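Trainee: Dropping in final-v1.cif, with mmCIF, C-alpha atoms.
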data_data
#
loop_
_atom_site.group_PDB
_atom_site.id
_atom_site.type_symbol
_atom_site.label_atom_id
_atom_site.label_comp_id
_atom_site.auth_asym_id
_atom_site.auth_seq_id
_atom_site.Cartn_x
_atom_site.Cartn_y
_atom_site.Cartn_z
ATOM 1 C CA MET A 10 127.273 95.974 97.749
ATOM 2 C CA ARG A 11 124.964 95.639 94.746
ATOM 3 C CA ILE A 12 125.503 97.887 91.718
ATOM 4 C CA ALA A 13 123.286 98.285 88.656
ATOM 5 C CA PHE A 14 124.369 99.775 85.346
ATOM 6 C CA VAL A 15 121.465 101.226 83.369
ATOM 7 C CA GLY A 16 121.019 103.562 80.419
ATOM 8 C CA LYS A 17 119.755 103.942 76.901
ATOM 9 C CA GLY A 18 120.565 101.162 74.481
ATOM 10 C CA GLY A 19 123.977 101.800 72.950
ATOM 11 C CA SER A 20 125.109 104.100 75.769
ATOM 12 C CA GLY A 21 127.887 101.723 76.745
ATOM 13 C CA LYS A 22 126.369 100.365 79.967
ATOM 14 C CA THR A 23 127.466 96.798 79.178
ATOM 15 C CA THR A 24 130.998 97.980 78.463
ATOM 16 C CA LEU A 25 131.029 99.987 81.717
ATOM 17 C CA SER A 26 129.598 97.020 83.636
ATOM 18 C CA ALA A 27 132.438 94.860 82.343
ATOM 19 C CA LEU A 28 135.142 97.455 82.993
ATOM 20 C CA PHE A 29 133.955 98.098 86.542
ATOM 21 C CA THR A 30 133.641 94.394 87.300
ATOM 22 C CA ARG A 31 137.165 93.764 86.040
ATOM 23 C CA HIS A 32 138.394 96.745 88.053
ATOM 24 C CA LEU A 33 136.934 95.215 91.227
ATOM 25 C CA ALA A 34 138.187 91.716 90.446
ATOM 26 C CA GLY A 35 141.645 93.048 89.661
ATOM 27 C CA SER A 36 141.824 94.544 93.159
ATOM 28 C CA GLY A 37 141.177 91.121 94.676
ATOM 29 C CA ALA A 38 137.626 91.936 95.811
ATOM 30 C CA PRO A 39 134.991 89.171 95.722
ATOM 31 C CA VAL A 40 132.728 90.113 92.817
ATOM 32 C CA LEU A 41 129.952 88.528 90.771
ATOM 33 C CA ALA A 42 128.755 89.859 87.404
ATOM 34 C CA ILE A 43 125.151 89.244 86.317
ATOM 35 C CA ASP A 44 123.878 89.820 82.788
ATOM 36 C CA GLY A 45 120.314 91.064 83.243
ATOM 37 C CA ASP A 46 119.905 92.630 79.805
ATOM 38 C CA ILE A 47 117.520 91.323 77.159
ATOM 39 C CA ASN A 48 120.537 91.311 74.831
ATOM 40 C CA GLN A 49 123.103 89.083 76.517
ATOM 41 C CA HIS A 50 126.510 90.609 75.745
ATOM 42 C CA LEU A 51 128.194 90.937 79.135
ATOM 43 C CA ALA A 52 130.231 87.734 78.803
ATOM 44 C CA GLU A 53 131.576 88.951 75.471
ATOM 45 C CA ALA A 54 132.426 92.343 77.018
ATOM 46 C CA LEU A 55 134.318 90.515 79.757
ATOM 47 C CA GLY A 56 136.433 88.764 77.137
ATOM 48 C CA GLN A 57 134.555 85.542 76.390
ATOM 49 C CA ASP A 58 134.952 84.222 72.883
ATOM 50 C CA ASP A 59 131.826 83.518 70.855
ATOM 51 C CA GLY A 60 129.791 80.778 72.444
ATOM 52 C CA PRO A 61 127.564 80.143 75.460
ATOM 53 C CA LEU A 62 128.577 80.970 79.006
ATOM 54 C CA GLY A 63 128.720 77.287 79.868
ATOM 55 C CA ALA A 64 126.252 77.569 82.733
ATOM 56 C CA PRO A 65 122.453 77.403 82.528
ATOM 57 C CA PRO A 66 120.687 80.778 82.763
ATOM 58 C CA LEU A 67 118.759 81.689 85.892
ATOM 59 C CA GLY A 68 115.555 82.255 83.931
ATOM 60 C CA ALA A 69 115.448 78.616 82.830
ATOM 61 C CA HIS A 70 115.515 77.279 86.394
ATOM 62 C CA LEU A 71 113.104 79.472 88.338
ATOM 63 C CA ASP A 72 111.271 76.510 89.865
ATOM 64 C CA GLU A 73 114.475 74.963 91.197
ATOM 65 C CA ILE A 74 115.627 78.356 92.496
ATOM 66 C CA LYS A 75 112.338 78.779 94.348
ATOM 67 C CA ASP A 76 112.579 75.331 95.898
ATOM 68 C CA LEU A 77 116.094 76.062 97.111
ATOM 69 C CA LEU A 78 115.420 79.518 98.503
ATOM 70 C CA ARG A 79 112.113 78.847 100.249
ATOM 71 C CA GLY A 80 113.932 76.255 102.343
ATOM 72 C CA THR A 81 111.784 75.334 105.355
ATOM 73 C CA ASN A 82 109.946 78.648 105.539
ATOM 74 C CA PRO A 83 106.435 77.626 106.659
ATOM 75 C CA ARG A 84 104.929 80.718 105.048
ATOM 76 C CA ILE A 85 105.843 79.402 101.575
ATOM 77 C CA PRO A 86 104.296 75.931 101.235
ATOM 78 C CA SER A 87 105.275 75.337 97.585
ATOM 79 C CA ARG A 88 107.157 76.752 94.615
ATOM 80 C CA GLU A 89 103.790 77.789 93.143
ATOM 81 C CA ALA A 90 103.178 79.986 96.194
ATOM 82 C CA MET A 91 106.474 81.819 95.732
ATOM 83 C CA ILE A 92 106.708 84.800 93.391
ATOM 84 C CA LYS A 93 109.778 86.816 92.428
ATOM 85 C CA THR A 94 109.154 89.424 95.143
ATOM 86 C CA THR A 95 108.601 86.961 98.003
ATOM 87 C CA PRO A 96 110.871 88.211 100.797
ATOM 88 C CA PRO A 97 112.942 85.879 102.966
ATOM 89 C CA GLY A 98 111.695 84.841 106.380
ATOM 90 C CA THR A 99 112.454 82.370 109.126
ATOM 91 C CA GLY A 100 113.509 79.099 107.506
ATOM 92 C CA SER A 101 114.371 80.629 104.109
ATOM 93 C CA ARG A 102 117.651 79.577 102.525
ATOM 94 C CA LEU A 103 120.009 82.543 102.623
ATOM 95 C CA LEU A 104 123.088 82.722 100.430
ATOM 96 C CA ARG A 105 126.605 84.085 100.837
ATOM 97 C CA LEU A 106 128.219 85.625 97.786
ATOM 98 C CA LEU A 107 129.815 82.856 95.689
ATOM 99 C CA GLY A 108 129.106 80.448 98.515
ATOM 100 C CA ASP A 109 129.225 76.675 98.479
ATOM 101 C CA ASP A 110 125.613 76.083 97.478
ATOM 102 C CA GLU A 111 123.582 74.559 94.686
ATOM 103 C CA LEU A 112 122.639 77.836 93.007
ATOM 104 C CA HIS A 113 126.169 79.176 92.643
ATOM 105 C CA ALA A 114 127.517 75.785 91.620
ATOM 106 C CA ARG A 115 124.955 75.450 88.831
ATOM 107 C CA HIS A 116 124.748 78.989 87.473
ATOM 108 C CA VAL A 117 128.178 80.614 87.952
ATOM 109 C CA ARG A 118 131.017 80.297 85.483
ATOM 110 C CA ARG A 119 134.246 82.274 85.337
ATOM 111 C CA VAL A 120 134.915 84.546 82.368
ATOM 112 C CA GLY A 121 138.577 85.429 82.663
ATOM 113 C CA GLU A 122 139.001 86.655 86.223
ATOM 114 C CA VAL A 123 135.286 87.341 86.774
ATOM 115 C CA PRO A 124 132.611 84.898 88.050
ATOM 116 C CA MET A 125 129.384 85.474 86.138
ATOM 117 C CA MET A 126 125.708 84.481 85.951
ATOM 118 C CA ALA A 127 123.152 85.236 83.221
ATOM 119 C CA THR A 128 119.380 85.556 83.186
ATOM 120 C CA GLY A 129 119.029 84.067 79.726
ATOM 121 C CA GLU A 130 117.946 85.478 76.404
ATOM 122 C CA PHE A 131 114.414 86.368 75.384
ATOM 123 C CA ASP A 132 114.024 83.650 72.786
ATOM 124 C CA GLU A 133 111.525 82.686 70.133
ATOM 125 C CA SER A 134 109.501 80.467 72.468
ATOM 126 C CA ASP A 135 108.790 83.506 74.665
ATOM 127 C CA LEU A 136 107.346 85.673 71.890
ATOM 128 C CA GLY A 137 103.741 86.600 72.546
ATOM 129 C CA VAL A 138 103.450 84.532 75.716
ATOM 130 C CA ALA A 139 106.001 85.894 78.156
ATOM 131 C CA CYS A 140 107.459 89.106 79.512
ATOM 132 C CA TYR A 141 111.217 89.478 79.716
ATOM 133 C CA HIS A 142 110.893 90.712 83.282
ATOM 134 C CA SER A 143 109.724 87.221 84.274
ATOM 135 C CA LYS A 144 113.220 86.001 83.423
ATOM 136 C CA LEU A 145 114.630 88.630 85.772
ATOM 137 C CA GLY A 146 112.697 86.935 88.569
ATOM 138 C CA GLY A 147 115.710 84.712 89.175
ATOM 139 C CA VAL A 148 117.920 87.764 89.747
ATOM 140 C CA GLU A 149 115.369 89.361 92.071
ATOM 141 C CA LEU A 150 114.979 86.185 94.124
ATOM 142 C CA TYR A 151 118.745 85.784 94.281
ATOM 143 C CA LEU A 152 119.314 89.324 95.517
ATOM 144 C CA ASN A 153 116.442 89.061 98.019
ATOM 145 C CA HIS A 154 118.103 86.032 99.619
ATOM 146 C CA LEU A 155 121.731 87.130 99.333
ATOM 147 C CA VAL A 156 123.521 88.254 102.487
ATOM 148 C CA ASP A 157 126.587 89.973 101.089
ATOM 149 C CA GLY A 158 129.133 91.576 103.346
ATOM 150 C CA PRO A 159 131.397 94.643 103.274
ATOM 151 C CA GLY A 160 133.875 94.574 100.401
ATOM 152 C CA GLU A 161 131.768 92.108 98.373
ATOM 153 C CA TYR A 162 130.200 93.229 95.103
ATOM 154 C CA VAL A 163 127.443 92.178 92.707
ATOM 155 C CA VAL A 164 127.416 94.087 89.409
ATOM 156 C CA VAL A 165 124.298 93.772 87.241
ATOM 157 C CA ASP A 166 124.056 94.900 83.627
ATOM 158 C CA MET A 167 120.365 95.831 83.484
ATOM 159 C CA THR A 168 117.855 96.173 80.659
ATOM 160 C CA ALA A 169 118.052 99.317 78.523
ATOM 161 C CA GLY A 170 115.889 102.379 79.042
ATOM 162 C CA ALA A 171 113.488 102.718 81.944
ATOM 163 C CA ASP A 172 112.451 99.048 81.842
ATOM 164 C CA ALA A 173 114.273 98.437 85.120
ATOM 165 C CA PHE A 174 111.355 100.106 86.891
ATOM 166 C CA ALA A 175 108.860 97.520 85.619
ATOM 167 C CA SER A 176 109.486 95.538 88.813
ATOM 168 C CA GLY A 177 110.842 96.115 92.294
ATOM 169 C CA LEU A 178 114.265 94.929 91.172
ATOM 170 C CA PHE A 179 115.520 98.515 91.025
ATOM 171 C CA THR A 180 115.252 98.744 94.826
ATOM 172 C CA ARG A 181 117.660 95.816 95.298
ATOM 173 C CA PHE A 182 120.760 97.919 94.564
ATOM 174 C CA ASP A 183 122.931 100.088 96.772
ATOM 175 C CA MET A 184 123.985 102.230 93.814
ATOM 176 C CA THR A 185 122.630 102.641 90.309
ATOM 177 C CA PHE A 186 124.973 104.061 87.685
ATOM 178 C CA LEU A 187 123.152 105.611 84.739
ATOM 179 C CA VAL A 188 125.461 105.615 81.730
ATOM 180 C CA ALA A 189 124.765 108.571 79.441
ATOM 181 C CA GLU A 190 126.290 109.730 76.200
ATOM 182 C CA PRO A 191 126.534 113.519 75.693
ATOM 183 C CA THR A 192 123.506 113.693 73.391
ATOM 184 C CA ARG A 193 119.825 114.503 73.891
ATOM 185 C CA LYS A 194 118.935 110.857 73.412
ATOM 186 C CA GLY A 195 121.765 109.880 75.715
ATOM 187 C CA VAL A 196 120.298 111.795 78.653
ATOM 188 C CA SER A 197 116.643 111.113 77.766
ATOM 189 C CA VAL A 198 116.115 108.437 80.424
ATOM 190 C CA TYR A 199 117.867 110.426 83.145
ATOM 191 C CA ARG A 200 114.793 112.278 84.442
ATOM 192 C CA GLN A 201 112.727 109.079 84.555
ATOM 193 C CA TYR A 202 115.369 107.345 86.651
ATOM 194 C CA ARG A 203 115.909 110.367 88.853
ATOM 195 C CA ASP A 204 112.238 110.807 89.708
ATOM 196 C CA HIS A 205 111.499 107.120 90.328
ATOM 197 C CA ALA A 206 114.663 106.647 92.349
ATOM 198 C CA ARG A 207 114.081 109.654 94.570
ATOM 199 C CA GLU A 208 110.615 108.379 95.461
ATOM 200 C CA PHE A 209 112.230 105.352 97.090
ATOM 201 C CA GLY A 210 115.501 106.857 98.250
ATOM 202 C CA ILE A 211 117.543 104.935 95.659
ATOM 203 C CA ARG A 212 120.976 106.360 94.886
ATOM 204 C CA VAL A 213 121.491 107.197 91.220
ATOM 205 C CA ALA A 214 124.668 108.694 89.799
ATOM 206 C CA VAL A 215 125.267 109.578 86.159
ATOM 207 C CA VAL A 216 128.405 108.359 84.412
ATOM 208 C CA GLY A 217 129.147 110.234 81.213
ATOM 209 C CA ASN A 218 130.519 108.041 78.449
ATOM 210 C CA LYS A 219 132.216 108.588 75.096
ATOM 211 C CA VAL A 220 133.100 112.162 76.035
ATOM 212 C CA THR A 221 135.340 113.732 73.393
ATOM 213 C CA GLY A 222 135.883 117.246 74.722
ATOM 214 C CA GLU A 223 134.846 120.127 76.954
ATOM 215 C CA ASP A 224 131.621 120.765 74.998
ATOM 216 C CA ASP A 225 130.471 117.201 75.673
ATOM 217 C CA LEU A 226 131.210 117.577 79.362
ATOM 218 C CA LEU A 227 129.392 120.913 79.593
ATOM 219 C CA PHE A 228 126.381 119.369 77.860
ATOM 220 C CA LEU A 229 126.186 116.603 80.449
ATOM 221 C CA LYS A 230 126.571 119.051 83.324
ATOM 222 C CA GLU A 231 123.793 121.221 81.889
ATOM 223 C CA HIS A 232 121.349 118.306 81.661
ATOM 224 C CA VAL A 233 122.120 116.244 84.771
ATOM 225 C CA GLY A 234 123.744 118.764 87.110
ATOM 226 C CA ASP A 235 125.212 117.484 90.347
ATOM 227 C CA ASP A 236 124.128 113.914 89.560
ATOM 228 C CA LEU A 237 127.083 113.682 87.157
ATOM 229 C CA LEU A 238 129.598 111.678 89.163
ATOM 230 C CA THR A 239 132.367 111.242 86.602
ATOM 231 C CA HIS A 240 132.904 110.591 82.920
ATOM 232 C CA LEU A 241 134.925 108.407 80.595
ATOM 233 C CA VAL A 242 136.587 109.745 77.506
ATOM 234 C CA HIS A 243 136.486 108.155 74.070
ATOM 235 C CA SER A 244 138.580 105.011 74.439
ATOM 236 C CA PRO A 245 140.789 103.429 71.784
ATOM 237 C CA TRP A 246 141.446 100.690 74.374
ATOM 238 C CA VAL A 247 137.740 99.797 74.482
ATOM 239 C CA ARG A 248 137.502 99.852 70.697
ATOM 240 C CA SER A 249 140.457 97.492 70.445
ATOM 241 C CA ALA A 250 138.907 95.218 73.070
ATOM 242 C CA GLU A 251 135.646 95.111 71.124
ATOM 243 C CA GLN A 252 137.626 94.057 68.076
ATOM 244 C CA GLY A 253 139.485 91.390 70.056
ATOM 245 C CA ARG A 254 142.834 93.158 69.720
ATOM 246 C CA THR A 255 143.555 94.401 73.249
ATOM 247 C CA GLU A 256 146.811 93.241 74.781
ATOM 248 C CA GLY A 257 147.310 93.554 78.515
ATOM 249 C CA GLY A 258 144.799 94.145 81.284
ATOM 250 C CA LEU A 259 143.112 97.236 82.626
ATOM 251 C CA ASP A 260 146.485 98.691 83.539
ATOM 252 C CA THR A 261 146.764 99.677 79.854
ATOM 253 C CA LEU A 262 143.368 101.432 79.848
ATOM 254 C CA GLU A 263 143.626 105.206 79.410
ATOM 255 C CA PRO A 264 144.629 106.858 82.745
ATOM 256 C CA HIS A 265 141.538 109.100 82.844
ATOM 257 C CA ASN A 266 139.231 106.133 82.376
ATOM 258 C CA ARG A 267 141.057 104.069 85.017
ATOM 259 C CA HIS A 268 140.609 106.974 87.425
ATOM 260 C CA ALA A 269 136.902 107.136 86.589
ATOM 261 C CA LEU A 270 136.535 103.487 87.638
ATOM 262 C CA THR A 271 138.210 104.334 90.951
ATOM 263 C CA ILE A 272 135.683 107.137 91.473
ATOM 264 C CA LEU A 273 132.819 104.691 90.861
ATOM 265 C CA ARG A 274 134.143 102.325 93.507
ATOM 266 C CA GLU A 275 134.647 105.131 96.012
ATOM 267 C CA ALA A 276 131.023 106.200 95.479
ATOM 268 C CA VAL A 277 129.792 102.662 96.096
ATOM 269 C CA ASP A 278 131.928 102.129 99.197
ATOM 270 C CA ALA A 279 130.838 105.451 100.714
ATOM 271 C CA HIS A 280 127.317 104.192 101.402
ATOM 272 C CA PRO A 281 127.096 100.946 103.419
ATOM 273 C CA ARG A 282 123.761 99.205 103.196
ATOM 274 C CA ASP A 283 120.917 99.938 105.584
ATOM 275 C CA TRP A 284 119.522 96.422 105.871
ATOM 276 C CA ALA A 285 116.266 97.522 107.518
ATOM 277 C CA THR A 286 115.439 99.920 104.668
ATOM 278 C CA HIS A 287 116.539 97.357 102.109
ATOM 279 C CA HIS A 288 114.148 94.779 103.564
ATOM 280 C CA ARG A 289 111.330 97.302 103.906
ATOM 281 C CA HIS A 290 111.505 98.022 100.183
ATOM 282 C CA ALA A 291 111.382 94.286 99.445
ATOM 283 C CA VAL A 292 108.263 93.879 101.586
ATOM 284 C CA GLU A 293 106.606 96.945 100.088
ATOM 285 C CA PHE A 294 107.003 95.734 96.506
ATOM 286 C CA HIS A 295 105.914 92.243 97.459
ATOM 287 C CA LEU A 296 102.679 93.609 98.890
ATOM 288 C CA ARG A 297 102.155 95.734 95.780
ATOM 289 C CA ASN A 298 102.527 92.685 93.559
ATOM 290 C CA ALA A 299 100.262 90.622 95.809
ATOM 291 C CA ARG A 300 97.451 93.180 95.574
ATOM 292 C CA ALA A 301 97.930 93.882 91.867
ATOM 293 C CA TRP A 302 97.980 90.327 90.477
ATOM 294 C CA ALA A 303 99.669 87.641 92.534
ATOM 295 C CA ASP A 304 96.914 86.949 95.088
ATOM 296 C CA LYS A 305 94.502 86.280 92.253
ATOM 297 C CA ALA A 306 97.044 84.266 90.256
ATOM 298 C CA THR A 307 97.969 81.989 93.168
ATOM 299 C CA GLY A 308 94.660 81.937 94.997
ATOM 300 C CA LEU A 309 96.532 82.844 98.193
ATOM 301 C CA ASP A 310 96.912 85.816 100.490
ATOM 302 C CA LEU A 311 100.569 86.512 99.803
ATOM 303 C CA ALA A 312 100.732 89.244 102.425
ATOM 304 C CA ALA A 313 100.936 86.348 104.869
ATOM 305 C CA GLN A 314 104.398 85.532 103.475
ATOM 306 C CA VAL A 315 105.830 88.597 105.229
ATOM 307 C CA ASP A 316 107.518 87.430 108.433
ATOM 308 C CA PRO A 317 107.311 90.234 111.029
ATOM 309 C CA ASP A 318 109.934 88.539 113.203
ATOM 310 C CA PHE A 319 112.565 88.231 110.468
ATOM 311 C CA VAL A 320 115.679 90.348 111.029
ATOM 312 C CA PRO A 321 117.462 90.962 107.693
ATOM 313 C CA GLY A 322 121.193 91.069 107.205
ATOM 314 C CA PRO A 323 124.116 89.125 108.663
ATOM 315 C CA ALA A 324 122.194 88.376 111.853
ATOM 316 C CA ALA A 325 119.790 86.224 109.835
ATOM 317 C CA LEU A 326 122.587 83.815 108.926
ATOM 318 C CA ALA A 327 122.736 82.722 112.549
#
Translate the structure described by the file into structure tokens.
Mentor:
Amino acid sequence: MRIAFVGKGGSGKTTLSALFTRHLAGSGAPVLAIDGDINQHLAEALGQDDGPLGAPPLGAHLDEIKDLLRGTNPRIPSREAMIKTTPPGTGSRLLRLLGDDELHARHVRRVGEVPMMATGEFDESDLGVACYHSKLGGVELYLNHLVDGPGEYVVVDMTAGADAFASGLFTRFDMTFLVAEPTRKGVSVYRQYRDHAREFGIRVAVVGNKVTGEDDLLFLKEHVGDDLLTHLVHSPWVRSAEQGRTEGGLDTLEPHNRHALTILREAVDAHPRDWATHHRHAVEFHLRNARAWADKATGLDLAAQVDPDFVPGPAALA
């Protein structure tokens, strides 16, 4: 299952991403955290001391990732012919979560109990010449070629605001949790997410955060209605963790907030993936990109990369 955490900057989506990932890992479930935010703070939220992750970011190795994933697919003759939306086909290299392969070996490092990858920061060399969403191409390619099974989880801390809809990446998730504070600004991106997600049948649930009382909860219910799945109350545990003072694991998190994490997992597990729909979305966004810019950029007809005989999901591993 793939889960995205989105929301306005400062809403607490990185903190929630880290808490939920640790909740899954603590249960013994196979889980991978991915920092897909322009501000790379997920490792710190997971408990890493100051310093780099210790693994190269995905965004710095897009060419190598393309070479690995295109495998022997005859529809993709070179790395230059492969764009971030290129769907897998016969001969493509498919990945198992945290499998024994070159990509996981190079890009995954463990932060505490959680394996993690990062897209990489938007640095000075990118200013004026690059779009941050190009760095997310590594995440999109990874998810397009990942065959994850029941009880396996990928948790992605996404870019703030509605930027997640700047590419087809938002269709790669089984559940999107929109983290919202009980303020007008906190719920401002909710309607954008709701409308875009409904167009493509993407599941979005709102997670209230930093709730201090009944008035806060009523405010969220008024603005997001039945999309409000659960909420977390103001957390001294989180504040202590952010100051590097927390002792003990999640078992010392406030009981209400621990229960909220359980509700999130139950919501994710209640909707197994429909592989056919998942692949159809991938193909649809690939064709959109091909028509909009990629055919001209590559000088190729990228619609020809769609393999009509490819059967997505576990069957493809055979």
Trainee: Can you list what the PyMOL selection byres ((chain A and resi 26-33) around 10) grabs from this structure, as a ChimeraX atom specification?
Mentor: /A:12-15,21-25,34-44,50-56,121-125,160-167,186,188,247,258-260,262,266-267,269-271,273-274
Trainee: Output the selection as a short mmCIF file (atom, residue, chain, number, x, y, z; two decimals), in the frame of the given file - C-alpha atoms for each residue.
Mentor:
data_model
loop_
_atom_site.label_atom_id
_atom_site.label_comp_id
_atom_site.auth_asym_id
_atom_site.auth_seq_id
_atom_site.Cartn_x
_atom_site.Cartn_y
_atom_site.Cartn_z
CA ILE A 12 125.50 97.89 91.72
CA ALA A 13 123.29 98.28 88.66
CA PHE A 14 124.37 99.78 85.35
CA VAL A 15 121.46 101.23 83.37
CA GLY A 21 127.89 101.72 76.74
CA LYS A 22 126.37 100.36 79.97
CA THR A 23 127.47 96.80 79.18
CA THR A 24 131.00 97.98 78.46
CA LEU A 25 131.03 99.99 81.72
CA ALA A 34 138.19 91.72 90.45
CA GLY A 35 141.65 93.05 89.66
CA SER A 36 141.82 94.54 93.16
CA GLY A 37 141.18 91.12 94.68
CA ALA A 38 137.63 91.94 95.81
CA PRO A 39 134.99 89.17 95.72
CA VAL A 40 132.73 90.11 92.82
CA LEU A 41 129.95 88.53 90.77
CA ALA A 42 128.76 89.86 87.40
CA ILE A 43 125.15 89.24 86.32
CA ASP A 44 123.88 89.82 82.79
CA HIS A 50 126.51 90.61 75.74
CA LEU A 51 128.19 90.94 79.14
CA ALA A 52 130.23 87.73 78.80
CA GLU A 53 131.58 88.95 75.47
CA ALA A 54 132.43 92.34 77.02
CA LEU A 55 134.32 90.52 79.76
CA GLY A 56 136.43 88.76 77.14
CA GLY A 121 138.58 85.43 82.66
CA GLU A 122 139.00 86.66 86.22
CA VAL A 123 135.29 87.34 86.77
CA PRO A 124 132.61 84.90 88.05
CA MET A 125 129.38 85.47 86.14
CA GLY A 160 133.88 94.57 100.40
CA GLU A 161 131.77 92.11 98.37
CA TYR A 162 130.20 93.23 95.10
CA VAL A 163 127.44 92.18 92.71
CA VAL A 164 127.42 94.09 89.41
CA VAL A 165 124.30 93.77 87.24
CA ASP A 166 124.06 94.90 83.63
CA MET A 167 120.36 95.83 83.48
CA PHE A 186 124.97 104.06 87.68
CA VAL A 188 125.46 105.62 81.73
CA VAL A 247 137.74 99.80 74.48
CA GLY A 258 144.80 94.14 81.28
CA LEU A 259 143.11 97.24 82.63
CA ASP A 260 146.49 98.69 83.54
CA LEU A 262 143.37 101.43 79.85
CA ASN A 266 139.23 106.13 82.38
CA ARG A 267 141.06 104.07 85.02
CA ALA A 269 136.90 107.14 86.59
CA LEU A 270 136.54 103.49 87.64
CA THR A 271 138.21 104.33 90.95
CA LEU A 273 132.82 104.69 90.86
CA ARG A 274 134.14 102.32 93.51
#
Trainee: Evaluated on this file, the PyMOL selection byres ((chain A and resi 67) around 10) picks out some residues - which ones are they, written as a PyMOL selection string?
Mentor: chain A and resi 43+45+64-66+68-74+112+115-117+126-129+144-148+151
Trainee: May I ask which of the residues A:Arg84, A:Ile272, A:Asp157, A:Val233 is the closest one to Leu107 in chain A, counting all atoms listed in the file?
Mentor: A:Asp157
Trainee: Need the axis-aligned box for range 312-326 of chain A with 3 Å each side, so what are the centre and edges in Å to one decimal, as AutoDock Vina command-line options?
Mentor:
--center_x 112.4 --center_y 87.4 --center_z 107.8 --size_x 29.4 --size_y 13.3 --size_z 16.8
Trainee: What gap, in Å, lies between CA of Phe228 in chain A and CA of Arg200 in chain A?
Mentor: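 The value is 15.1 Å.
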Trainee: Work out how far CA of Ala291 in chain A is from CA of Leu155 in chain A, in Å to one decimal.
Mentor: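 The value is 12.6 Å.
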Trainee: Using only C-alpha atoms, find the one residue out of A:Glu89, A:Asp318, A:Asp236, A:Asp225 that sits nearest to Thr185 in chain A.
Mentor: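 Ranked by minimum distance to Thr185 in chain A, first place goes to A:Asp236.
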Trainee: Return the single residue from A:Phe179, A:Gly63, A:Val196, A:Gly257 that is closest to Glu208 in chain A, with distances computed using only C-alpha atoms.
Mentor: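 Ranking A:Phe179, A:Gly63, A:Val196, A:Gly257 by distance to Glu208 in chain A, first place goes to A:Phe179.
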Trainee: Between A:Leu187, A:Val292, A:Ala250, A:Ala306, which has the minimum distance to Gly98 in chain A (counting all atoms listed in the file)?
Mentor: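 Looking only at the distances to Gly98 in chain A, the closest residue turns out to be A:Val292.
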Trainee: Which one of A:Arg203, A:His240, A:Arg254, A:Arg289 sits closest to Thr221 in chain A if you count only C-alpha atoms?
Mentor: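 That would be A:His240, the residue with the smallest distance to Thr221 in chain A.
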Trainee: Could you spell out the hits of the PyMOL selection byres ((chain A and resi 102) around 12) on the shown file, as a PyMOL selection string?
Mentor: chain A and resi 74-82+85+96-101+103-105+110-112+150-151+153-156+325-327
Trainee: To one decimal place, how far is CA of His288 in chain A from CA of Leu152 in chain A in Å?
Mentor: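 Calculated distance between CA of His288 in chain A and CA of Leu152 in chain A is 11.0 Å.
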Trainee: Looking at A:His243, A:Arg282, A:His113, A:Lys230, which one is nearest to Arg212 in chain A, with distances taken over all atoms listed in the file?
Mentor: A:Arg282
Trainee: Within 8 Å of Leu311 in chain A, counting only C-alpha atoms, which residues show up once you throw out same-chain ones fewer than 4 positions away? Write them as number ranges by chain, please.
Mentor: A: 90, 296, 299, 303-304, 315
